[in-house]
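Asker: Provided herewith is a single structure, encoded as structure tokens, for subsequent inquiry.
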Amino acid sequence: MRFLKAILGGSAIAGLSAFAAHAQDVVGRPSEGGMWFQKPATPVMEQLQDVHNLVFVIICAIVVLVVSLMLYIMIRFREKANPVPSKTSHNTMIEIVWTIAPVVLLLVMVVPSMQLLYYQDRLPETEMTVKVVGNTWNWQYSYPDYEDIDEIISNPLDETQAQEEGVPYLLATDAPLVVPVGTKVKVLVTSVSNMHSWAVPSFGVKMDAVPGLVNETWFEVYEEGTYYGQCSEICGIRHYFMPVEVRAVSQADFNQWVANGGSFTEAVADNSENQTTSGVATLAARD
Amino acid sequence: MVAISGNDTGSYGDDKPSFFARWFYSTNHKDIGTLYLIFGIISGLIGGFLSFMMRMELGEPGIQFFTNEHQYLVFVSMHGLIMIFFMVMPALIGGFGNWFVPIMIGAPDMAFPRMNNLSFWLLPTALICLLVSFVLPGSASGDGFGGGWVMYPPLSTSGSPGPAFDFIIIGLLAAGFSSIFGAINFITTILNMRAPGMTMHKMPLFAWSVLVTAFLLLLALPVLAAALFMLFTDRIDGGTGFFDPARGGDPQMFQHLFWFFGHPEVYIMILPAFGIISHIVSTFSKKPIFGYLGMAYAMVAIGVVGFVVWAHHMYTIGMDVNLKAYFLAATLVIAVPTGVKIFSWLATMWGGSIRYTIPMQWALAFIFLFVIGGVTGVVLANAGVDTALHDTYYVVAHFHYVLSMGAVFGIFAGFYYWFGKMFGIMYNKFLAAAHFWLFFIGVNVIFFPQHFLGMNGMPRRYVDYPADFELWNHVSTMGAMITLLGVVFFFLMLIEAFIVRRKVGDNYWGEGATTLEWTLSSPPPYHQFNTLPRIDEDPTEHDADKMH
Ligand code: HEM
Ligand SMILES: [Cu+2]
Ligand SMILES: [Cu+2]
């Protein structure tokens, strides 16, 4: 996306990143009072933000243009300043200009936008597969590549549990989806009853879970950590209470986890104190 | 144009019917328009109450006001349905459309006055069905229907087995037929009943906007009706399985049907507002509208393209990527005619002699807010980016900028513009200004922070949220309180105006107001144009000729 940044120009990027900086000091979850995207954790989300920022600069320019034009007109042509109105109601040239100019702007954004769309949608050679089933109301994960790992039912922690463990309420679950970092993971998403949508904002992933249909998407997490998301398709009374938690660990830890039949060692499983920021770091240390 | 004099009953010697016959058997387009407006205000109060409760609930994390989470979803769903079908549409199309389309084209009434009456009375019937659903069993979780205004199955079929949703289906079918009858009436009236000399290319833009809207209604609503009917039969035990995968059906088919109606529907709600804004901007700039033909055909273009972009509401359902690419491109195209409208309004003001009356303030605010809502639409059109924003508060912010602030500002602009014409009296300027400013500030404080919430990842239709989202939710709720205060001033304005009754003249806006309603008394005679006006001289005429 280098050329994108070139188009945007250094200053616009700098301004944007300063604006975004505050929002992006936490990883994998919404930032407190945040006003911008969550910090990207995957290449898709990174590219998504670049395309968004390009569009954002364009729309800001449009808003600024229209608003300043409006203010100028409102002052310059107020009744006192201009008591006798002109009778012009037509100017072919200007009408052509304001039809063509938006077309050009749209063409500028459509190319990177299409690239993003295809990059995000076309699955690369993925290295492993996880299956996600939306239940009413929790998420169920399984690993078709690994027979020894039982299905994981991921339920949200209630408020007291979350407080005790120091993890965010309405985001944290009792059993995350565990994946290795630096690996292209294919996600198969489906549902058994109502529709849901499996979403992790920092991954740039949101895929509807539809009964009778298996949808595909993918992600590749850069860094170890815990990443949260929430159900994003109305699914009934517990819609707000079926969060998504993904724990990305090193390949070695992941192998260990698989070897243990889908659990970390005892000590680690119990110690979730630091999991919000880097549960995995603790995990690695103890191993 | 023919000068028309006289007011109320006298001049034409036609008696108004008795109270009951006049308001319940009404066939007079102006009475029916008034009924629609009153109905819209009542529905707006109900829908507004629902949203205010939602905002109160969301002011801080935790569950404060609702007895259970289902009830919150019921409020969300009913807020959407009531505001769209029973507030915006009746006010813009039924209210102003009925009142002013016949007058503007120089017709004595609508083409089918009795059908007009039927259109109106289907609506209260429909609303009662929706209101009854609140207290009927909905799902295992409680009373009422909580599946969102989009009503996706299976949540609306197996997920909501109780009779609550059946009542909603019946209500929406009734409302749909009301709109279809209305559309037939408008199309017939506009195509056949224009006064001598009133060619299509001389027709005021509000009439154009209602004509395009009526075609959208006529083509889109039957699809909704079919989809609702399929839901209905799917819900019957041993009934059909159109949307049930276990019986070979496809739940996504419903989404396609719904949005095939749903996207044109959003333009149904905004096009009449476009028309109103054009009149107001032209009147108070004391200039004819700039690029009249471009304005009319931009609306036609928006209407046509609006039928081929529906799946931009469905980017995350797992559609084929090439389809998404198509819908991405088609959706961006809509921004072009939309831009033409905005720039033409500015050009209309350019060189004008602008008066900042109350309706003009609403119109200027409309342009500003609609631009913001429009550009976030352009962001959402990018399917890749929409993956992050779909079903978050960003979308909520987008469509409230174009609806709560676009369509609703259009309604208030029209209301203040024509208030004197409809009721023969003038509002108090202070109360009206207080209404405007509180409302303008309030809705911005409610909805601007919702862009932040959405980008930060907050999903919509959530009764409770992680504490990180508290700040902007809190701000948003304070905005709701400011807006509520604005609404109070609206009613104070109404009460004051009807008590004091400051009489206004025929053309109380003066020089810039050139359409036919300003040649009639305020309020217009019970039956206008017993002798049809002739349109020889028209400000748009030279303009239109030049284009040929
Ligand atoms: C420049 C023109 C516009 C564009 C490009 C645009 C684009 C979009 C897109 C892509 C979405 C889907 C977002 C999502 O769910 O992820 C959307 C949602 C929506 N838009 Fe627009 N829009 C435009 C103008 C309007 C106007 C004029 C209205 C109505 C007056 C409107 C009303 C809505 C509504 C109600 C929704 C949300 C429906 C729902 O999910 O409940 N939009 N828009
Ligand atoms: Cu859900
Ligand atoms: Cu749409």
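In the structure tokens, each chain is lettered A, B, ... as it comes, each chain's residues begin at 1, and ligands are numbered from 1 in order of appearance.
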Can you work out which residues from chain A touch chain B at a cut-off of 6 Å (counting only C-alpha atoms) and hand them back as an MDAnalysis selection string?
Answerer: chainID A and resid 30:38 48 59 77:79 82:83 85:86 89:90 116:117 170 194 201 204 206:208 212 215 232 237 240
Asker: Residues within 8 Å of ligand 3 should be enumerated using only C-alpha atoms and all ligand atoms and returned as a list in words.
Answerer: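 For ligand 3, the residues inside 8 Å are Trp259, Gly262, His263, Pro264, Val266, Gly306, Val309, Trp310, Ala311, His312 and His313 of chain B.
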Asker: Could you list the protein, DNA and RNA residues that have any atom within 9 Å of ligand 2, counting only C-alpha atoms and all ligand atoms, and write them as a ChimeraX atom specification?
Answerer: /A:134,136-137,194-198,230-243 /B:461-462
Asker: Can you tell me which residues surround Gly373 of chain B at a distance of at most 8 Å, considering only C-alpha atoms, apart from same-chain residues fewer than 4 positions away, and format the answer as an MDAnalysis selection string?
Answerer: chainID B and resid 369 377 397:402
Asker: Selection from above, N, CA and C atoms, as a PDB file, in the first residue's frame, can you write it?
Answerer:
```pdb
ATOM      1  N   LEU B 369     -25.964  18.577   7.031  1.00  0.00           N
ATOM      2  CA  LEU B 369     -26.032  17.250   7.659  1.00  0.00           C
ATOM      3  C   LEU B 369     -26.099  16.156   6.610  1.00  0.00           C
ATOM      4  N   GLY B 377     -21.704   7.409   3.817  1.00  0.00           N
ATOM      5  CA  GLY B 377     -22.248   6.385   2.920  1.00  0.00           C
ATOM      6  C   GLY B 377     -21.203   5.941   1.920  1.00  0.00           C
ATOM      7  N   ALA B 397     -24.795   5.824  12.816  1.00  0.00           N
ATOM      8  CA  ALA B 397     -24.522   7.251  12.641  1.00  0.00           C
ATOM      9  C   ALA B 397     -24.821   7.672  11.198  1.00  0.00           C
ATOM     10  N   HIS B 398     -24.353   6.869  10.246  1.00  0.00           N
ATOM     11  CA  HIS B 398     -24.586   7.190   8.835  1.00  0.00           C
ATOM     12  C   HIS B 398     -26.075   7.388   8.554  1.00  0.00           C
ATOM     13  N   PHE B 399     -26.881   6.403   8.923  1.00  0.00           N
ATOM     14  CA  PHE B 399     -28.257   6.532   8.450  1.00  0.00           C
ATOM     15  C   PHE B 399     -29.066   7.487   9.289  1.00  0.00           C
ATOM     16  N   HIS B 400     -28.601   7.792  10.497  1.00  0.00           N
ATOM     17  CA  HIS B 400     -29.318   8.845  11.202  1.00  0.00           C
ATOM     18  C   HIS B 400     -28.936  10.225  10.668  1.00  0.00           C
ATOM     19  N   TYR B 401     -27.722  10.370  10.174  1.00  0.00           N
ATOM     20  CA  TYR B 401     -27.390  11.660   9.543  1.00  0.00           C
ATOM     21  C   TYR B 401     -28.246  11.896   8.304  1.00  0.00           C
ATOM     22  N   VAL B 402     -28.498  10.835   7.529  1.00  0.00           N
ATOM     23  CA  VAL B 402     -29.329  11.056   6.352  1.00  0.00           C
ATOM     24  C   VAL B 402     -30.821  10.994   6.668  1.00  0.00           C
TER      25      VAL B 402
END
```
Asker: Kindly indicate which residue among A:Asp121, A:Glu245, A:Asp50, A:Glu220 lies nearest to Gly182 of chain A, using only C-alpha atoms for the distances.
Answerer: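 Among A:Asp121, A:Glu245, A:Asp50, A:Glu220, it is A:Glu220 that comes nearest to Gly182 of chain A.
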Asker: Please provide as a PyMOL selection string all residues within 9 Å of segment 503-511 of chain B, with the sequence filter that same-chain residues fewer than 5 positions apart are discarded (counting only C-alpha atoms).
Answerer: chain B and resi 283-284+286+417+420-421+424-426+517-524
Asker: So which residues touch Phe186 of chain B within 8 Å, counting only C-alpha atoms, skipping near sequence neighbours fewer than 2 positions away, as a PyMOL selection string?
Answerer: chain B and resi 110-111+182-184+188-190+210-211+214
Asker: Output as a ChimeraX atom specification all residues of segment 26-166 of chain A that backbone DSSP marks as alpha helix (DSSP H).
Answerer: /A:43-76,92-121,159-165
Asker: Could you check which of A:Ile153, A:Leu106, A:Val181, A:Leu123 is closest to ligand 1, using only C-alpha atoms and all ligand atoms?
Answerer: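 Of the candidates, the smallest distance to ligand 1 is held by A:Leu106.
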Asker: Could you tell me, as a list in words, which residues of segment 408-534 of chain B DSSP assigns to strand (DSSP E or B) when given the backbone?
Answerer: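 Those residues are Ile425, Met426, Pro459, Arg502 and Lys503 of chain B.
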Asker: Tell me, as a list in words, which residues lie within 10 Å of Leu157 of chain A, counting only C-alpha atoms; anything in the same chain fewer than 2 positions away does not count.
Answerer: Ser154, Asn155, Glu159, Thr160, Gln161, Ala162, Gln163, Glu165, Val167, Pro168, Tyr169, Leu170, Leu171, Ala172, Thr173, Asp174, Ala175, Phe241, Met242 and Pro243 of chain A
Asker: Would you write out those residues with N, CA, C and O atoms, as a short mmCIF file (atom, residue, chain, number, x, y, z; two decimals), in the first residue's frame?
Answerer:
```
data_model
loop_
_atom_site.label_atom_id
_atom_site.label_comp_id
_atom_site.auth_asym_id
_atom_site.auth_seq_id
_atom_site.Cartn_x
_atom_site.Cartn_y
_atom_site.Cartn_z
N SER A 154 -17.41 -21.73 23.87
CA SER A 154 -16.87 -20.49 24.41
C SER A 154 -18.00 -19.64 24.96
O SER A 154 -18.76 -19.02 24.22
N ASN A 155 -18.10 -19.61 26.28
CA ASN A 155 -19.15 -18.82 26.93
C ASN A 155 -18.57 -17.54 27.51
O ASN A 155 -17.42 -17.53 27.96
N GLU A 159 -20.14 -10.87 35.09
CA GLU A 159 -19.44 -9.68 35.53
C GLU A 159 -18.47 -9.95 36.68
O GLU A 159 -17.34 -9.46 36.68
N THR A 160 -18.90 -10.76 37.66
CA THR A 160 -18.01 -11.01 38.80
C THR A 160 -16.79 -11.83 38.38
O THR A 160 -15.67 -11.51 38.76
N GLN A 161 -17.03 -12.85 37.56
CA GLN A 161 -15.89 -13.64 37.07
C GLN A 161 -14.89 -12.76 36.35
O GLN A 161 -13.68 -12.84 36.58
N ALA A 162 -15.41 -11.90 35.49
CA ALA A 162 -14.52 -11.05 34.71
C ALA A 162 -13.72 -10.14 35.62
O ALA A 162 -12.52 -9.96 35.45
N GLN A 163 -14.40 -9.59 36.64
CA GLN A 163 -13.70 -8.72 37.57
C GLN A 163 -12.60 -9.47 38.31
O GLN A 163 -11.48 -9.00 38.42
N GLU A 165 -10.99 -12.03 37.42
CA GLU A 165 -9.86 -12.38 36.58
C GLU A 165 -9.20 -11.17 35.93
O GLU A 165 -8.21 -11.31 35.22
N VAL A 167 -10.29 -9.31 33.53
CA VAL A 167 -10.46 -9.26 32.07
C VAL A 167 -11.73 -8.47 31.76
O VAL A 167 -12.58 -8.30 32.64
N PRO A 168 -11.83 -7.95 30.55
CA PRO A 168 -12.98 -7.08 30.26
C PRO A 168 -14.30 -7.84 30.15
O PRO A 168 -14.42 -8.80 29.39
N TYR A 169 -15.26 -7.36 30.93
CA TYR A 169 -16.60 -7.93 30.90
C TYR A 169 -17.24 -7.64 29.55
O TYR A 169 -17.03 -6.58 28.97
N LEU A 170 -18.01 -8.60 29.06
CA LEU A 170 -18.69 -8.54 27.76
C LEU A 170 -17.74 -8.73 26.58
O LEU A 170 -18.15 -8.62 25.43
N LEU A 171 -16.46 -9.00 26.89
CA LEU A 171 -15.54 -9.37 25.83
C LEU A 171 -14.88 -10.72 26.14
O LEU A 171 -14.69 -11.56 25.25
N ALA A 172 -14.54 -10.92 27.41
CA ALA A 172 -13.78 -12.11 27.78
C ALA A 172 -14.67 -13.34 27.86
O ALA A 172 -15.85 -13.25 28.21
N THR A 173 -14.09 -14.49 27.52
CA THR A 173 -14.84 -15.74 27.58
C THR A 173 -14.10 -16.74 28.45
O THR A 173 -12.96 -16.51 28.86
N ASP A 174 -14.76 -17.86 28.70
CA ASP A 174 -14.10 -18.88 29.49
C ASP A 174 -13.20 -19.78 28.64
O ASP A 174 -12.41 -20.54 29.17
N ALA A 175 -13.31 -19.72 27.33
CA ALA A 175 -12.50 -20.59 26.49
C ALA A 175 -12.29 -19.93 25.12
O ALA A 175 -13.19 -19.93 24.30
N PHE A 241 -24.29 -10.71 24.42
CA PHE A 241 -23.60 -11.51 25.42
C PHE A 241 -23.02 -12.77 24.80
O PHE A 241 -23.13 -13.86 25.37
N MET A 242 -22.46 -12.66 23.61
CA MET A 242 -21.73 -13.80 23.04
C MET A 242 -20.45 -13.30 22.35
O MET A 242 -20.30 -13.38 21.15
N PRO A 243 -19.52 -12.81 23.20
CA PRO A 243 -18.30 -12.24 22.63
C PRO A 243 -17.41 -13.30 22.00
O PRO A 243 -17.59 -14.50 22.21
#
```
Asker: Using only C-alpha atoms, which residues sit within 7 Å of Tyr143 of chain A once same-chain residues fewer than 5 positions away are excluded, as an MDAnalysis selection string?
Answerer: chainID A and resid 129:131 149
Asker: Could you save the residues just selected, with N, CA, C and O atoms, as a PDB file, in the first residue's frame?
Answerer:
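The result, written out as out18.pdb:
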```pdb
ATOM      1  N   THR A 129      -7.169 -24.799   9.514  1.00  0.00           N
ATOM      2  CA  THR A 129      -8.585 -24.460   9.436  1.00  0.00           C
ATOM      3  C   THR A 129      -9.199 -24.511  10.823  1.00  0.00           C
ATOM      4  O   THR A 129      -8.895 -25.412  11.600  1.00  0.00           O
ATOM      5  N   VAL A 130     -10.025 -23.527  11.137  1.00  0.00           N
ATOM      6  CA  VAL A 130     -10.855 -23.653  12.338  1.00  0.00           C
ATOM      7  C   VAL A 130     -12.302 -23.514  11.915  1.00  0.00           C
ATOM      8  O   VAL A 130     -12.623 -22.830  10.938  1.00  0.00           O
ATOM      9  N   LYS A 131     -13.155 -24.217  12.668  1.00  0.00           N
ATOM     10  CA  LYS A 131     -14.568 -24.149  12.341  1.00  0.00           C
ATOM     11  C   LYS A 131     -15.292 -23.430  13.471  1.00  0.00           C
ATOM     12  O   LYS A 131     -15.075 -23.730  14.644  1.00  0.00           O
ATOM     13  N   ILE A 149      -8.334 -32.617  19.480  1.00  0.00           N
ATOM     14  CA  ILE A 149      -8.875 -31.456  20.193  1.00  0.00           C
ATOM     15  C   ILE A 149     -10.395 -31.496  20.165  1.00  0.00           C
ATOM     16  O   ILE A 149     -11.015 -31.538  19.104  1.00  0.00           O
TER      17      ILE A 149
END
```
